[in-house]
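Containing mmCIF, C-alpha atoms: upload32.cif.
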data_start
loop_
_atom_site.label_atom_id
_atom_site.label_comp_id
_atom_site.auth_asym_id
_atom_site.auth_seq_id
_atom_site.Cartn_x
_atom_site.Cartn_y
_atom_site.Cartn_z
CA MET K 180 -16.48 18.72 -11.85
CA ALA K 181 -16.49 15.54 -9.76
CA ALA K 182 -19.53 14.73 -7.65
CA GLU K 183 -19.14 15.87 -4.08
CA ASP K 184 -18.11 13.22 -1.60
CA SER K 185 -20.34 13.35 1.41
CA SER K 186 -17.73 11.95 3.80
CA ALA K 187 -14.48 13.56 4.92
CA PRO K 188 -11.68 13.35 2.34
CA THR K 189 -9.26 10.42 2.42
CA ARG K 190 -6.09 11.66 4.10
CA ILE K 191 -2.95 10.40 2.40
CA MET K 192 0.39 11.05 4.04
CA VAL K 193 3.28 11.24 1.59
CA ALA K 194 6.84 11.28 2.90
CA VAL K 195 9.15 13.27 0.64
CA ASN K 196 12.87 13.95 0.56
CA GLU K 197 15.44 15.76 -1.50
CA SER K 198 17.54 14.29 -4.29
CA THR K 199 20.70 12.56 -3.09
CA ILE K 200 22.52 13.89 -6.15
CA LYS K 201 21.05 17.30 -6.75
CA GLY K 202 20.20 18.16 -3.14
CA TYR K 203 17.70 20.85 -2.18
CA PRO K 204 15.34 22.12 -3.54
CA HIS K 205 15.09 19.13 -5.90
CA ALA K 206 12.76 16.31 -4.85
CA SER K 207 14.19 12.81 -5.11
CA ILE K 208 13.16 10.71 -8.09
CA SER K 209 11.27 8.35 -5.80
CA SER K 210 9.43 11.15 -3.96
CA ARG K 211 8.24 12.59 -7.23
CA GLY K 212 7.33 9.11 -8.44
CA ALA K 213 5.25 8.42 -5.33
CA PHE K 214 3.53 11.79 -5.64
CA ASP K 215 2.74 11.39 -9.35
CA TRP K 216 1.51 7.85 -8.73
CA THR K 217 -0.83 9.05 -5.97
CA LEU K 218 -2.33 11.71 -8.22
CA SER K 219 -2.73 9.58 -11.32
CA LYS K 220 -3.79 6.28 -9.75
CA ILE K 221 -5.66 7.30 -6.59
CA VAL K 222 -6.83 10.91 -6.72
CA ARG K 223 -7.51 10.92 -10.48
CA THR K 224 -10.29 13.45 -11.20
CA ASN K 225 -11.72 13.24 -7.68
CA THR K 226 -9.73 16.23 -6.39
CA SER K 227 -12.17 17.01 -3.58
CA GLY K 228 -12.10 13.45 -2.22
CA PHE K 229 -8.53 13.52 -0.98
CA LYS K 230 -6.19 15.55 1.17
CA LEU K 231 -2.43 15.10 0.89
CA LEU K 232 -0.20 15.45 3.93
CA PHE K 233 3.45 15.99 3.00
CA LEU K 234 6.05 15.18 5.62
CA HIS K 235 9.68 15.99 5.00
CA VAL K 236 12.15 14.61 7.53
CA GLN K 237 15.48 16.40 7.67
CA VAL K 238 18.42 14.30 8.74
CA PRO K 239 20.72 16.16 11.13
CA ASP K 240 23.99 16.81 9.29
CA GLU K 241 26.07 14.83 11.77
CA ASP K 242 29.39 14.85 10.02
CA GLY K 243 28.88 18.43 8.91
CA PHE K 244 30.37 17.62 5.55
CA ASP K 245 28.30 20.24 3.77
CA ASP K 246 29.63 22.87 6.08
CA MET K 247 33.31 21.97 6.01
CA ASP K 248 34.25 25.38 4.76
CA SER K 249 32.06 27.29 7.15
CA ILE K 250 33.50 29.10 10.14
CA TYR K 251 31.51 29.12 13.34
CA ALA K 252 32.45 32.06 15.47
CA SER K 253 29.32 32.61 17.51
CA PRO K 254 26.07 30.95 18.59
CA GLU K 255 24.42 33.07 15.93
CA ASP K 256 26.30 31.13 13.24
CA PHE K 257 24.62 27.91 14.31
CA LYS K 258 21.23 29.53 14.31
CA THR K 259 21.90 30.78 10.81
CA MET K 260 22.76 27.25 9.74
CA LYS K 261 19.55 25.83 11.21
CA ARG K 262 17.53 28.56 9.59
CA ARG K 263 19.18 27.82 6.24
CA ASP K 264 18.34 24.10 6.57
CA LYS K 265 14.75 24.94 7.31
CA ILE K 266 14.52 27.22 4.29
CA ARG K 267 15.94 24.46 2.10
CA GLY K 268 13.31 22.05 3.40
CA LEU K 269 10.58 24.58 2.74
CA HIS K 270 11.73 24.94 -0.86
CA LEU K 271 11.37 21.19 -1.27
CA LEU K 272 7.84 21.19 0.13
CA GLU K 273 6.94 24.15 -2.06
CA TYR K 274 7.22 21.93 -5.14
CA PHE K 275 4.53 19.54 -3.85
CA VAL K 276 2.25 22.16 -2.34
CA ASN K 277 2.33 24.29 -5.50
CA HIS K 278 1.43 21.32 -7.64
CA CYS K 279 -1.51 20.40 -5.40
CA HIS K 280 -2.68 23.98 -5.43
CA GLU K 281 -2.61 24.06 -9.25
CA ILE K 282 -4.84 21.02 -9.58
CA GLY K 283 -7.08 21.86 -6.63
CA VAL K 284 -6.16 19.11 -4.16
CA ALA K 285 -6.16 20.13 -0.49
CA CYS K 286 -2.84 19.61 1.26
CA GLU K 287 -0.66 20.33 4.28
CA ALA K 288 3.10 20.09 4.57
CA TRP K 289 5.54 20.16 7.46
CA ILE K 290 9.14 19.46 8.40
CA LYS K 291 10.54 17.33 11.20
CA ILE K 292 14.11 16.55 12.12
CA GLY K 293 15.43 13.09 12.98
CA ASP K 294 15.81 9.57 11.67
CA PRO K 295 13.36 9.41 8.74
CA LYS K 296 11.96 5.94 9.43
CA GLU K 297 11.37 6.65 13.12
CA VAL K 298 9.93 10.10 12.52
CA ILE K 299 7.62 8.92 9.72
CA CYS K 300 6.16 6.22 11.96
CA HIS K 301 5.84 8.66 14.85
CA GLU K 302 4.06 11.20 12.67
CA ALA K 303 1.76 8.53 11.24
CA THR K 304 0.65 7.71 14.76
CA ARG K 305 0.20 11.37 15.63
CA VAL K 306 -1.56 12.47 12.43
CA GLN K 307 -3.50 9.25 11.75
CA PRO K 308 -3.69 9.38 7.96
CA ASP K 309 -5.83 6.81 6.15
CA PHE K 310 -2.65 5.52 4.59
CA LEU K 311 0.95 6.40 3.92
CA VAL K 312 2.65 6.54 0.52
CA LEU K 313 6.42 6.14 0.36
CA GLY K 314 8.73 6.34 -2.60
CA SER K 315 11.21 3.52 -2.73
CA ARG K 316 14.43 3.19 -4.68
CA GLY K 317 13.77 -0.46 -5.39
CA LEU K 318 17.21 -1.57 -4.23
CA GLY K 319 18.33 -5.16 -4.61
CA PRO K 320 19.06 -7.31 -1.54
CA PHE K 321 22.79 -6.57 -1.76
CA GLN K 322 22.35 -2.81 -1.75
CA LYS K 323 19.75 -2.96 1.01
CA VAL K 324 22.30 -4.32 3.46
CA PHE K 325 24.23 -1.07 3.25
CA VAL K 326 21.51 1.45 2.59
CA GLY K 327 18.60 -0.02 4.54
CA THR K 328 15.14 0.94 3.46
CA VAL K 329 12.82 3.34 5.14
CA SER K 330 9.85 1.74 3.41
CA GLU K 331 10.50 -1.76 4.78
CA PHE K 332 10.68 -0.37 8.29
CA CYS K 333 7.50 1.67 7.90
CA VAL K 334 5.54 -1.20 6.32
CA LYS K 335 6.30 -3.17 9.48
CA HIS K 336 5.99 -0.50 12.14
CA ALA K 337 3.64 2.26 10.99
CA ASP K 338 0.23 2.47 12.62
CA CYS K 339 -1.58 2.80 9.27
CA PRO K 340 -1.57 0.97 5.92
CA VAL K 341 1.56 1.72 3.88
CA ILE K 342 2.12 1.51 0.16
CA ALA K 343 5.64 1.71 -1.22
CA ILE K 344 6.00 2.90 -4.80
CA LYS K 345 9.14 1.77 -6.54
CA ARG K 346 10.76 4.03 -9.08
CA ASP K 347 10.19 3.32 -12.74
CA ALA K 348 13.13 1.26 -13.93
CA SER K 349 13.50 3.82 -16.72
CA GLU K 350 14.19 6.50 -14.13
CA ASN K 351 16.91 4.63 -12.31
CA PRO K 352 20.18 6.52 -12.28
CA GLN K 353 23.36 4.60 -13.08
CA ASP K 354 23.90 3.85 -9.42
CA PRO K 355 20.50 2.96 -7.98
CA VAL K 356 21.53 4.37 -4.60
CA ASP K 357 21.46 7.82 -6.21
CA ASP K 358 18.01 9.33 -6.16
CA MET E 722 -22.38 11.52 -11.40
CA ALA E 723 -18.60 11.81 -11.19
CA ALA E 724 -16.72 13.56 -13.97
CA GLU E 725 -15.41 11.10 -16.51
CA ASP E 726 -11.76 10.19 -16.17
CA SER E 727 -10.06 10.52 -19.49
CA SER E 728 -7.47 7.82 -18.78
CA ALA E 729 -8.05 4.10 -18.31
CA PRO E 730 -9.40 3.17 -14.87
CA THR E 731 -6.99 2.31 -12.06
CA ARG E 732 -6.92 -1.48 -11.80
CA ILE E 733 -6.88 -2.70 -8.20
CA MET E 734 -6.35 -6.38 -7.55
CA VAL E 735 -7.96 -7.58 -4.32
CA ALA E 736 -7.12 -11.05 -3.03
CA VAL E 737 -10.05 -12.57 -1.13
CA ASN E 738 -10.57 -15.74 0.84
CA GLU E 739 -13.22 -17.52 2.85
CA SER E 740 -13.70 -17.31 6.60
CA THR E 741 -11.55 -19.75 8.57
CA ILE E 742 -14.42 -20.24 11.00
CA LYS E 743 -17.52 -20.09 8.88
CA GLY E 744 -16.04 -21.43 5.63
CA TYR E 745 -17.66 -20.90 2.23
CA PRO E 746 -19.52 -18.86 1.10
CA HIS E 747 -18.58 -16.42 3.87
CA ALA E 748 -15.75 -14.00 3.13
CA SER E 749 -13.08 -13.69 5.82
CA ILE E 750 -13.23 -10.67 8.11
CA SER E 751 -10.00 -9.35 6.61
CA SER E 752 -11.14 -9.82 3.00
CA ARG E 753 -14.28 -7.87 3.68
CA GLY E 754 -12.27 -5.25 5.55
CA ALA E 755 -9.86 -4.81 2.65
CA PHE E 756 -12.75 -4.56 0.19
CA ASP E 757 -14.70 -2.03 2.27
CA TRP E 758 -11.53 -0.01 2.81
CA THR E 759 -10.85 0.09 -0.94
CA LEU E 760 -14.34 1.35 -1.67
CA SER E 761 -14.54 3.95 1.09
CA LYS E 762 -10.98 5.28 1.02
CA ILE E 763 -9.91 4.90 -2.63
CA VAL E 764 -12.88 4.53 -4.96
CA ARG E 765 -15.18 6.85 -2.98
CA THR E 766 -17.67 8.43 -5.41
CA ASN E 767 -15.39 7.99 -8.43
CA THR E 768 -16.94 4.67 -9.48
CA SER E 769 -15.91 4.97 -13.11
CA GLY E 770 -12.26 5.63 -12.25
CA PHE E 771 -11.51 2.17 -10.90
CA LYS E 772 -11.77 -1.47 -11.83
CA LEU E 773 -11.53 -4.16 -9.16
CA LEU E 774 -9.93 -7.51 -9.93
CA PHE E 775 -10.86 -10.17 -7.38
CA LEU E 776 -8.60 -13.17 -7.10
CA HIS E 777 -9.56 -16.09 -4.90
CA VAL E 778 -6.90 -18.72 -4.37
CA GLN E 779 -8.18 -22.12 -3.29
CA VAL E 780 -5.81 -24.17 -1.20
CA PRO E 781 -5.82 -27.83 -2.25
CA ASP E 782 -7.39 -29.82 0.58
CA GLU E 783 -4.31 -31.90 1.21
CA ASP E 784 -5.39 -33.77 4.28
CA GLY E 785 -8.87 -34.20 2.90
CA PHE E 786 -10.32 -33.47 6.30
CA ASP E 787 -13.49 -31.97 4.87
CA ASP E 788 -14.11 -35.10 2.90
CA MET E 789 -13.40 -37.68 5.59
CA ASP E 790 -16.88 -39.11 5.28
CA SER E 791 -16.92 -39.18 1.51
CA ILE E 792 -16.54 -42.41 -0.42
CA TYR E 793 -14.61 -42.32 -3.64
CA ALA E 794 -15.63 -45.16 -5.88
CA SER E 795 -14.86 -43.82 -9.32
CA PRO E 796 -12.92 -41.07 -11.12
CA GLU E 797 -16.26 -39.30 -11.41
CA ASP E 798 -16.33 -38.85 -7.62
CA PHE E 799 -13.14 -36.80 -7.73
CA LYS E 800 -14.50 -34.67 -10.53
CA THR E 801 -17.61 -34.06 -8.45
CA MET E 802 -15.43 -32.97 -5.54
CA LYS E 803 -13.47 -30.54 -7.70
CA ARG E 804 -16.64 -29.18 -9.17
CA ARG E 805 -18.07 -28.67 -5.68
CA ASP E 806 -14.93 -26.77 -4.58
CA LYS E 807 -15.21 -24.57 -7.60
CA ILE E 808 -18.85 -23.81 -6.89
CA ARG E 809 -17.96 -22.89 -3.31
CA GLY E 810 -15.29 -20.49 -4.57
CA LEU E 811 -17.75 -18.95 -6.99
CA HIS E 812 -20.20 -18.30 -4.17
CA LEU E 813 -17.47 -16.42 -2.33
CA LEU E 814 -16.68 -14.27 -5.36
CA GLU E 815 -20.37 -13.62 -5.91
CA TYR E 816 -20.46 -11.55 -2.71
CA PHE E 817 -17.83 -9.13 -4.02
CA VAL E 818 -19.03 -9.01 -7.62
CA ASN E 819 -22.64 -8.39 -6.57
CA HIS E 820 -21.59 -5.54 -4.33
CA CYS E 821 -19.54 -3.91 -7.12
CA HIS E 822 -22.42 -4.31 -9.50
CA GLU E 823 -24.79 -2.59 -7.07
CA ILE E 824 -22.61 0.49 -6.75
CA GLY E 825 -21.53 0.56 -10.40
CA VAL E 826 -17.83 -0.31 -10.10
CA ALA E 827 -16.42 -2.43 -12.93
CA CYS E 828 -14.90 -5.71 -11.80
CA GLU E 829 -13.61 -9.13 -12.75
CA ALA E 830 -13.18 -12.18 -10.54
CA TRP E 831 -11.46 -15.50 -10.95
CA ILE E 832 -10.27 -18.57 -9.04
CA LYS E 833 -6.85 -20.20 -8.97
CA ILE E 834 -5.63 -23.20 -7.04
CA GLY E 835 -2.35 -23.35 -5.15
CA ASP E 836 -0.32 -21.70 -2.41
CA PRO E 837 -2.00 -18.30 -1.92
CA LYS E 838 1.16 -16.21 -1.56
CA GLU E 839 2.81 -17.76 -4.63
CA VAL E 840 -0.33 -17.62 -6.76
CA ILE E 841 -1.11 -14.01 -5.79
CA CYS E 842 2.38 -12.88 -6.83
CA HIS E 843 2.17 -14.92 -10.03
CA GLU E 844 -1.20 -13.43 -10.93
CA ALA E 845 0.02 -9.91 -10.12
CA THR E 846 2.80 -10.40 -12.67
CA ARG E 847 0.40 -11.82 -15.23
CA VAL E 848 -2.44 -9.32 -14.77
CA GLN E 849 -0.32 -6.23 -13.98
CA PRO E 850 -2.73 -4.34 -11.73
CA ASP E 851 -1.81 -0.82 -10.65
CA PHE E 852 -1.68 -2.11 -7.11
CA LEU E 853 -2.72 -5.00 -4.93
CA VAL E 854 -4.86 -4.81 -1.78
CA LEU E 855 -4.58 -7.58 0.79
CA GLY E 856 -6.50 -8.11 3.97
CA SER E 857 -4.30 -8.96 6.91
CA ARG E 858 -5.15 -10.46 10.27
CA GLY E 859 -2.66 -8.22 12.03
CA LEU E 860 -1.03 -11.10 13.89
CA GLY E 861 1.61 -10.46 16.51
CA PRO E 862 5.20 -11.67 16.02
CA PHE E 863 4.54 -14.82 18.06
CA GLN E 864 1.54 -15.90 16.00
CA LYS E 865 3.29 -15.08 12.74
CA VAL E 866 5.90 -17.74 13.34
CA PHE E 867 3.23 -20.40 13.10
CA VAL E 868 0.78 -18.88 10.70
CA GLY E 869 3.07 -16.94 8.39
CA THR E 870 1.59 -14.03 6.55
CA VAL E 871 0.65 -13.87 2.93
CA SER E 872 0.82 -10.09 3.00
CA GLU E 873 4.45 -9.94 4.18
CA PHE E 874 5.47 -12.28 1.38
CA CYS E 875 3.56 -10.32 -1.26
CA VAL E 876 4.86 -6.94 -0.09
CA LYS E 877 8.35 -8.29 -0.71
CA HIS E 878 7.82 -10.31 -3.87
CA ALA E 879 4.89 -8.93 -5.86
CA ASP E 880 5.66 -7.06 -9.06
CA CYS E 881 3.34 -4.17 -8.17
CA PRO E 882 2.75 -1.91 -5.16
CA VAL E 883 0.99 -3.72 -2.31
CA ILE E 884 -1.10 -2.31 0.50
CA ALA E 885 -2.03 -4.55 3.43
CA ILE E 886 -5.14 -3.59 5.36
CA LYS E 887 -5.23 -4.84 8.93
CA ARG E 888 -8.54 -5.78 10.45
CA ASP E 889 -10.21 -3.33 12.79
CA ALA E 890 -9.24 -4.33 16.30
CA SER E 891 -12.96 -4.27 17.09
CA GLU E 892 -13.51 -7.05 14.58
CA ASN E 893 -10.86 -9.36 15.94
CA PRO E 894 -12.29 -12.70 16.99
CA GLN E 895 -11.19 -14.12 20.34
CA ASP E 896 -8.35 -16.01 18.68
CA PRO E 897 -6.83 -13.63 16.11
CA VAL E 898 -5.92 -16.57 13.92
CA ASP E 899 -9.63 -17.08 13.27
CA ASP E 900 -10.88 -14.92 10.44
#

How would this structure read if it were set down as structure tokens?
Amino acid sequence: MAAEDSSAPTRIMVAVNESTIKGYPHASISSRGAFDWTLSKIVRTNTSGFKLLFLHVQVPDEDGFDDMDSIYASPEDFKTMKRRDKIRGLHLLEYFVNHCHEIGVACEAWIKIGDPKEVICHEATRVQPDFLVLGSRGLGPFQKVFVGTVSEFCVKHADCPVIAIKRDASENPQDPVDD
Amino acid sequence: MAAEDSSAPTRIMVAVNESTIKGYPHASISSRGAFDWTLSKIVRTNTSGFKLLFLHVQVPDEDGFDDMDSIYASPEDFKTMKRRDKIRGLHLLEYFVNHCHEIGVACEAWIKIGDPKEVICHEATRVQPDFLVLGSRGLGPFQKVFVGTVSEFCVKHADCPVIAIKRDASENPQDPVDD
């Protein structure tokens, strides 16, 4: 048992998203990497000294590609779709919350909708974590032009310290944009 | 007493420098801020779980302003000057090492000479810390153009995760370039 910390736990916000290949409920390689890194390098055995705050930002499905085959006949259909998206997001967060629960680390998790980089910065201002951990795909300069990086934006604009954790090279999929 | 961590301690490299106003042996406001932040938010009571690696990069005194009144009559004079610089750097590191010793956190400290941003990245590659903590003066975009920021460079180029800790606004001197 670790000695009790007298002060309030360090609040670490971790932004998580789903795999670009496998989709919900699978966490992206970089989200899992950032989470595992936080536990093994920061929290370590001091489970009572930290609280993890998981934010998942859902991107509105603007081109509706995933729902090409759906038929929308009533307002209810759209509600169903939104409800389904929310359930998918909850399944993603379940992975992180369950793991924290197993090892005894306090946590909270929530979902927001919007542009991830903007929402993450907005939530950092609102929630005021001690710092923010972001998984990063470790893209090269050429790939960044097309994909952009949430972490670069947040390092510059978030109201709190930010640490970006690049994926292990060994975990890179064939196309590094996949995650 | 904290529970013993079974794995090797997390190695945190902290780059430190002297105050731009007070000079040696005084640590800059942002170095002290980054150090205090690391202890209170990361190490907390888990003193055996972490090892701090303090790097101080000395900038060669190119214009020799500090030594305007010195007279160099022999090669020995230059050696004396270099020795004096080294001693000043050691006094700076003493502050951090003493503090770690008092609270029982393992540490190492060393001095390198060169361009801080280049040397910090080089040493990060050589030493392979788990992450790097940098103090930052939190300059605005206008000031950055003239001063540049070591932290921005290291976030982009260092081989390990980097977290930049901005000074508390309350600690900002009248001119934020002073530190």

Between E:Val735, E:Ile742, E:Ala885, E:Ile834, smallest distance to chain K by only C-alpha atoms belongs to E:Ala885

In Å, rounded to a single decimal, give me how far atom CA of K:Pro204 is from atom CA of K:Asp358.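 Taking atom CA of K:Asp358 and atom CA of K:Pro204, their separation equals 13.3 Å.
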
Do you have the atom CA of E:Ile763-atom CA of K:Thr189 distance handy?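 Interatomic distance, atom CA of E:Ile763 to atom CA of K:Thr189: 7.5 Å.
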
Residues of chain E within 9 Å of chain K, only C-alpha atoms counted, as a VMD selection string: chain E and resid 722 to 728 730 to 732 761 to 767 770 to 771 851 to 852 873 876 to 877 881 to 887

Neighbours of point (-6.8, -5.8, 7.9) within 12 Å, using all atoms listed in the file, written as number ranges by chain: K: 338-341; E: 737, 749-759, 854-860, 870, 872, 884-893, 897, 900

Store the residues picked out above in a file with C-alpha atoms, as a PDB file, in the coordinates of the input.
ATOM      1  CA  ASP K 338       0.230   2.470  12.620  1.00  0.00           C
ATOM      2  CA  CYS K 339      -1.580   2.800   9.270  1.00  0.00           C
ATOM      3  CA  PRO K 340      -1.570   0.970   5.920  1.00  0.00           C
ATOM      4  CA  VAL K 341       1.560   1.720   3.880  1.00  0.00           C
TER       5      VAL K 341
ATOM      6  CA  VAL E 737     -10.050 -12.570  -1.130  1.00  0.00           C
ATOM      7  CA  SER E 749     -13.080 -13.690   5.820  1.00  0.00           C
ATOM      8  CA  ILE E 750     -13.230 -10.670   8.110  1.00  0.00           C
ATOM      9  CA  SER E 751     -10.000  -9.350   6.610  1.00  0.00           C
ATOM     10  CA  SER E 752     -11.140  -9.820   3.000  1.00  0.00           C
ATOM     11  CA  ARG E 753     -14.280  -7.870   3.680  1.00  0.00           C
ATOM     12  CA  GLY E 754     -12.270  -5.250   5.550  1.00  0.00           C
ATOM     13  CA  ALA E 755      -9.860  -4.810   2.650  1.00  0.00           C
ATOM     14  CA  PHE E 756     -12.750  -4.560   0.190  1.00  0.00           C
ATOM     15  CA  ASP E 757     -14.700  -2.030   2.270  1.00  0.00           C
ATOM     16  CA  TRP E 758     -11.530  -0.010   2.810  1.00  0.00           C
ATOM     17  CA  THR E 759     -10.850   0.090  -0.940  1.00  0.00           C
ATOM     18  CA  VAL E 854      -4.860  -4.810  -1.780  1.00  0.00           C
ATOM     19  CA  LEU E 855      -4.580  -7.580   0.790  1.00  0.00           C
ATOM     20  CA  GLY E 856      -6.500  -8.110   3.970  1.00  0.00           C
ATOM     21  CA  SER E 857      -4.300  -8.960   6.910  1.00  0.00           C
ATOM     22  CA  ARG E 858      -5.150 -10.460  10.270  1.00  0.00           C
ATOM     23  CA  GLY E 859      -2.660  -8.220  12.030  1.00  0.00           C
ATOM     24  CA  LEU E 860      -1.030 -11.100  13.890  1.00  0.00           C
ATOM     25  CA  THR E 870       1.590 -14.030   6.550  1.00  0.00           C
ATOM     26  CA  SER E 872       0.820 -10.090   3.000  1.00  0.00           C
ATOM     27  CA  ILE E 884      -1.100  -2.310   0.500  1.00  0.00           C
ATOM     28  CA  ALA E 885      -2.030  -4.550   3.430  1.00  0.00           C
ATOM     29  CA  ILE E 886      -5.140  -3.590   5.360  1.00  0.00           C
ATOM     30  CA  LYS E 887      -5.230  -4.840   8.930  1.00  0.00           C
ATOM     31  CA  ARG E 888      -8.540  -5.780  10.450  1.00  0.00           C
ATOM     32  CA  ASP E 889     -10.210  -3.330  12.790  1.00  0.00           C
ATOM     33  CA  ALA E 890      -9.240  -4.330  16.300  1.00  0.00           C
ATOM     34  CA  SER E 891     -12.960  -4.270  17.090  1.00  0.00           C
ATOM     35  CA  GLU E 892     -13.510  -7.050  14.580  1.00  0.00           C
ATOM     36  CA  ASN E 893     -10.860  -9.360  15.940  1.00  0.00           C
ATOM     37  CA  PRO E 897      -6.830 -13.630  16.110  1.00  0.00           C
ATOM     38  CA  ASP E 900     -10.880 -14.920  10.440  1.00  0.00           C
TER      39      ASP E 900
END

So how far away is atom CA of K:Tyr203 from atom CA of K:Lys261, in Å?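 Pair atom CA of K:Lys261 / atom CA of K:Tyr203 returns 14.4 Å.
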
For stretch 885-898 of chain E, supply N, CA, C and O atoms and report the output as a compact mmCIF listing (two decimals), in the frame of the given file.
# COMPACT_ATOMS: atom_id res chain seq x y z
N ALA E 885 -1.39 -3.57 2.54
CA ALA E 885 -2.03 -4.55 3.43
C ALA E 885 -2.93 -3.80 4.40
O ALA E 885 -2.51 -2.84 5.04
N ILE E 886 -4.17 -4.24 4.49
CA ILE E 886 -5.14 -3.59 5.36
C ILE E 886 -5.40 -4.51 6.55
O ILE E 886 -5.95 -5.60 6.39
N LYS E 887 -4.99 -4.05 7.72
CA LYS E 887 -5.23 -4.84 8.93
C LYS E 887 -6.69 -4.73 9.33
O LYS E 887 -7.31 -3.70 9.15
N ARG E 888 -7.18 -5.81 9.91
CA ARG E 888 -8.54 -5.78 10.45
C ARG E 888 -8.68 -4.71 11.51
O ARG E 888 -7.74 -4.42 12.24
N ASP E 889 -9.89 -4.17 11.62
CA ASP E 889 -10.21 -3.33 12.79
C ASP E 889 -10.04 -4.17 14.04
O ASP E 889 -10.50 -5.32 14.08
N ALA E 890 -9.41 -3.59 15.04
CA ALA E 890 -9.24 -4.33 16.30
C ALA E 890 -10.60 -4.77 16.83
O ALA E 890 -10.74 -5.84 17.42
N SER E 891 -11.62 -3.95 16.59
CA SER E 891 -12.96 -4.27 17.09
C SER E 891 -13.53 -5.52 16.44
O SER E 891 -14.45 -6.15 16.96
N GLU E 892 -12.99 -5.89 15.28
CA GLU E 892 -13.51 -7.05 14.58
C GLU E 892 -12.71 -8.32 14.85
O GLU E 892 -13.03 -9.38 14.31
N ASN E 893 -11.66 -8.18 15.65
CA ASN E 893 -10.86 -9.36 15.94
C ASN E 893 -11.67 -10.41 16.70
O ASN E 893 -12.28 -10.09 17.71
N PRO E 894 -11.65 -11.64 16.21
CA PRO E 894 -12.29 -12.70 16.99
C PRO E 894 -11.41 -13.01 18.21
O PRO E 894 -10.30 -12.51 18.32
N GLN E 895 -11.95 -13.84 19.11
CA GLN E 895 -11.19 -14.12 20.34
C GLN E 895 -9.78 -14.61 20.03
O GLN E 895 -8.81 -14.14 20.60
N ASP E 896 -9.67 -15.56 19.13
CA ASP E 896 -8.35 -16.01 18.68
C ASP E 896 -8.08 -15.32 17.34
O ASP E 896 -8.78 -15.56 16.36
N PRO E 897 -7.05 -14.44 17.31
CA PRO E 897 -6.83 -13.63 16.11
C PRO E 897 -6.50 -14.46 14.86
O PRO E 897 -6.53 -13.94 13.76
N VAL E 898 -6.18 -15.72 15.07
CA VAL E 898 -5.92 -16.57 13.92
C VAL E 898 -7.22 -16.88 13.17
O VAL E 898 -7.22 -17.09 11.97
